[in-house]
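S.K.: Here you go, one structure.
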Amino acid sequence: MISTAIVLSALELGFIYALVAMALFLSFRVLNIADMTTDGAFTLGCAVSATMAVAGHPILGLFAAMIAGSAAGFITALLQTRLGVPSILAGIITNTGLYTINLAVMGFSSNVPMLKTNTIFTMLEDLLGEDFPSKLLLAALITAVACVLLILFLGTRLGLSIRATGDNPDMVRASSINTAFTITVGLCVANAFTALSGAVLAQYQRSADINLGTGMVVIGLASLIIGETLFGRGSLWIKAVAAVAGSIIYRFIIALAMRANLPSEALKLISAIIVVLAISMPAIKKGIAFQRRRYAAMHGKGGAGHDA
């Protein structure tokens with residue numbers, strides 16, 4: 001049996017990491033860009049949020065983290081749209097440079113402890129009491145608001161242009177829409193969401209570490225693909241809910257892995273395996289269906305020959 005504490009923790013972390021899944025939904029699914037800035041932008045959000053919280057501004061730290069994350073997305077977009085750097089390489093370059101930036105934000109220290117620091121979670125806990133699941137409420141509320149704002153944004157004229165850019169950039173250019181601008185806005189918004197996720201996580205666990213963002217692309221993709229596999233691809237609302245649900249399911253899988261006393265070092269490998277299984281699931285289903293049809297055809301022929 002899984003304890004209530006493990007369930008609550010999985011739900012809380014699922015909602016927090018769902019912001020990364022939504023960011024990758026925007027960049028990977030909508031814009032059709034493999035944005036590798038995610039790892040660095042997540043750590044940047046952690047660093048900015050922790051630094052601001054230590055300075056006594058935990059709420060402001062969330063907004064500052066989003067601004068910093070959007071700046072990282074702007075650099076990636078600038079490299080891609082203005083300097084002709086391939087999208088994957090542009091993200092890798094920005095991600096590499098962010099390592100030093102993140103260290104500088106944290107005062108050139110590899111971590112920022114916040115054990116005695118007031119955070120958004122401690123503020124709500126003081127308001128509602130220790131017995132109330134305030135962490136879950138706040139994490140779910142932040143993710144829900146971000147999810148609604150993202151869907152509403154994608155329904156605007158600019159949002160529709162961003163969606164069209166991912167579907168058919170040549171047609172968008174023919175319609176006199178600046179694809180460099182739409183890509184830039186899309187990557188800025190996506191990385192703002194990623195940084196917000198890191199900002200909330202830093203205050204949730206009351207610490208920021210330079211390596212917190214390592215493998216975040218894999219975690220986000222795992223969550224996104226799990227949700228898509230289970231819920232399919234319907235309207236934007238369904239896709240957004242699928243990303244959140246996939247993130248929660250992923251955290252439960254990790255919780256079960258930890259419950260089975262697997263070493264923490266194996267979690268990255270588990271994440272990679274989950275992504276492979278989720279991505280290859282359609283091909284696996286097709287293969288199984290083909291083998292069933294083949295078996296049925298051979299069995300039918302064999303039966304007919306035997307009866308004759």
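The way I read the labels, and the way they are meant: chains A, B, ... in the order of the structure tokens, residue 1 as the first residue of every chain, and ligand 1 as the first ligand shown, with later ones counted on from there.
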Counting only C-alpha atoms, which residues in range 125-214 of chain A sit no more than 12 Å from range 89-96 of chain A? For each one, give the nearest pair of atoms and the distance in Å, sorted by chain then residue number, as CSV.
M.R.:
residue,atom,partner,partner_atom,distance
A:Leu187,CA,A:Gly91,CA,10.3
A:Asn191,CA,A:Gly91,CA,11.0
A:Gly213,CA,A:Asn95,CA,10.2
A:Thr214,CA,A:Asn95,CA,10.5
S.K.: Could you turn the residues from that selection into a file that holds N, CA, C and O atoms, as a short mmCIF file (atom, residue, chain, number, x, y, z; two decimals), in the first residue's frame?
M.R.:
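As written to disk, out_8.cif reads:
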data_model
loop_
_atom_site.label_atom_id
_atom_site.label_comp_id
_atom_site.auth_asym_id
_atom_site.auth_seq_id
_atom_site.Cartn_x
_atom_site.Cartn_y
_atom_site.Cartn_z
N LEU A 187 8.53 30.48 -28.01
CA LEU A 187 9.63 29.98 -27.18
C LEU A 187 9.76 30.77 -25.87
O LEU A 187 10.12 30.21 -24.84
N ASN A 191 9.36 28.81 -22.30
CA ASN A 191 10.42 28.82 -21.29
C ASN A 191 10.02 29.58 -20.03
O ASN A 191 10.56 29.33 -18.95
N GLY A 213 17.83 20.97 -12.95
CA GLY A 213 17.20 20.89 -14.26
C GLY A 213 17.70 19.78 -15.15
O GLY A 213 17.18 19.58 -16.25
N THR A 214 18.68 19.02 -14.67
CA THR A 214 19.25 17.94 -15.49
C THR A 214 18.20 16.90 -15.82
O THR A 214 17.55 16.35 -14.93
#
S.K.: Would you return as JSON, numbers by chain the members of range 51-134 of chain A that DSSP assigns to alpha helix (DSSP H) on this structure's backbone?
M.R.: {"A": [51, 52, 53, 54, 58, 59, 60, 61, 62, 63, 64, 65, 66, 67, 68, 69, 70, 71, 72, 73, 74, 75, 76, 77, 78, 79, 80, 81, 87, 88, 89, 90, 91, 92, 93, 94, 95, 96, 97, 98, 99, 100, 101, 102, 103, 104, 105, 120, 121, 122, 123, 124, 125, 126, 127, 128, 134]}
S.K.: Could you tell me, as JSON, numbers by chain, which residues of range 100-280 of chain A DSSP assigns to strand (DSSP E or B) when given the backbone?
M.R.: {"A": [111, 112, 113, 207, 208, 209]}
S.K.: Nearest to Ile274 in chain A among A:Asn111, A:Asn118, A:Thr229, A:Thr184, with distances taken over only C-alpha atoms: which residue is it?
M.R.: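 Selected residue with least distance to Ile274 in chain A: A:Thr229.
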S.K.: Please identify all polymer residues within 8 Å of Gly186 in chain A, counting only C-alpha atoms, omitting same-chain residues fewer than 6 positions from it, and present them as an MDAnalysis selection string.
M.R.: chainID A and resid 26:27 31 162
S.K.: Which residues are close to range 63-69 of chain A, i.e. within 6 Å by only C-alpha atoms, leaving aside same-chain residues fewer than 4 positions away? Reply as an MDAnalysis selection string.
M.R.: chainID A and resid 41 45 48:49 191:192 195:196
S.K.: Please dump the current selection as a PDB file, in the first residue's frame; keep N, CA and C atoms.
M.R.:
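Result written to again22.pdb:
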ATOM      1  N   ALA A  41      16.563  26.506 -18.420  1.00  0.00           N
ATOM      2  CA  ALA A  41      15.508  27.440 -18.024  1.00  0.00           C
ATOM      3  C   ALA A  41      14.866  27.003 -16.712  1.00  0.00           C
ATOM      4  N   GLY A  45      14.855  29.247 -13.306  1.00  0.00           N
ATOM      5  CA  GLY A  45      13.677  29.557 -12.501  1.00  0.00           C
ATOM      6  C   GLY A  45      13.904  29.231 -11.034  1.00  0.00           C
ATOM      7  N   VAL A  48      16.457  31.965  -9.586  1.00  0.00           N
ATOM      8  CA  VAL A  48      15.854  33.294  -9.402  1.00  0.00           C
ATOM      9  C   VAL A  48      14.846  33.269  -8.262  1.00  0.00           C
ATOM     10  N   SER A  49      14.011  32.237  -8.238  1.00  0.00           N
ATOM     11  CA  SER A  49      12.990  32.133  -7.194  1.00  0.00           C
ATOM     12  C   SER A  49      13.615  32.014  -5.813  1.00  0.00           C
ATOM     13  N   ASN A 191       9.358  28.806 -22.296  1.00  0.00           N
ATOM     14  CA  ASN A 191      10.423  28.820 -21.290  1.00  0.00           C
ATOM     15  C   ASN A 191      10.022  29.584 -20.032  1.00  0.00           C
ATOM     16  N   ALA A 192       9.066  30.504 -20.166  1.00  0.00           N
ATOM     17  CA  ALA A 192       8.521  31.157 -18.973  1.00  0.00           C
ATOM     18  C   ALA A 192       7.781  30.129 -18.122  1.00  0.00           C
ATOM     19  N   ALA A 195      10.425  27.918 -16.433  1.00  0.00           N
ATOM     20  CA  ALA A 195      11.045  28.620 -15.311  1.00  0.00           C
ATOM     21  C   ALA A 195      10.082  28.730 -14.135  1.00  0.00           C
ATOM     22  N   LEU A 196       8.786  28.910 -14.419  1.00  0.00           N
ATOM     23  CA  LEU A 196       7.792  28.955 -13.338  1.00  0.00           C
ATOM     24  C   LEU A 196       7.749  27.630 -12.593  1.00  0.00           C
TER      25      LEU A 196
END
S.K.: For Thr37 in chain A, which residue out of A:Ala77, A:Ala222, A:Ile248, A:Ile253 is the nearest one, using only C-alpha atoms?
M.R.: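 Of all the options, A:Ala77 lies closest to Thr37 in chain A.
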S.K.: Restricting the calculation to only C-alpha atoms: of A:Ala10, A:Ala174, A:Ala278, A:Val189, which residue gets closest to Gly227 in chain A?
M.R.: A:Ala278
S.K.: Which is closest to Gly159 in chain A among A:Ile270, A:Leu236, A:Ala289, A:Ala255, if we use only C-alpha atoms?
M.R.: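 Closest candidate: A:Leu236.
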S.K.: For a test of reading the model, state the distance in Å between CA of Gln80 in chain A and CA of Leu224 in chain A, rounded to one decimal.
M.R.: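 Between CA of Gln80 in chain A and CA of Leu224 in chain A the gap works out to 24.2 Å.
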S.K.: Tell me, as a VMD selection string, which residues lie within 12 Å of range 119-126 of chain A, counting only C-alpha atoms; anything in the same chain fewer than 4 positions away does not count.
M.R.: chain A and resid 12 49 to 62 114 to 115 130 to 139 142 199 to 207
S.K.: May I have the residues within 12 Å of Arg29 in chain A as a ChimeraX atom specification, using only C-alpha atoms and disregarding those fewer than 2 positions away in the same chain?
M.R.: /A:21-27,31-35,162-167,186,190,221,224-225,228,233,236,239-240,243
S.K.: Could you jot down the CA of Val244 in chain A to CA of Leu152 in chain A separation for me, Å, one decimal place?
M.R.: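 Distance between the two atoms: 16.5 Å.
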S.K.: Would you please work out which residue, of A:Met171, A:Ala260, A:Leu277, A:Ala18, is nearest to Leu141 in chain A when using only C-alpha atoms?
M.R.: A:Ala18
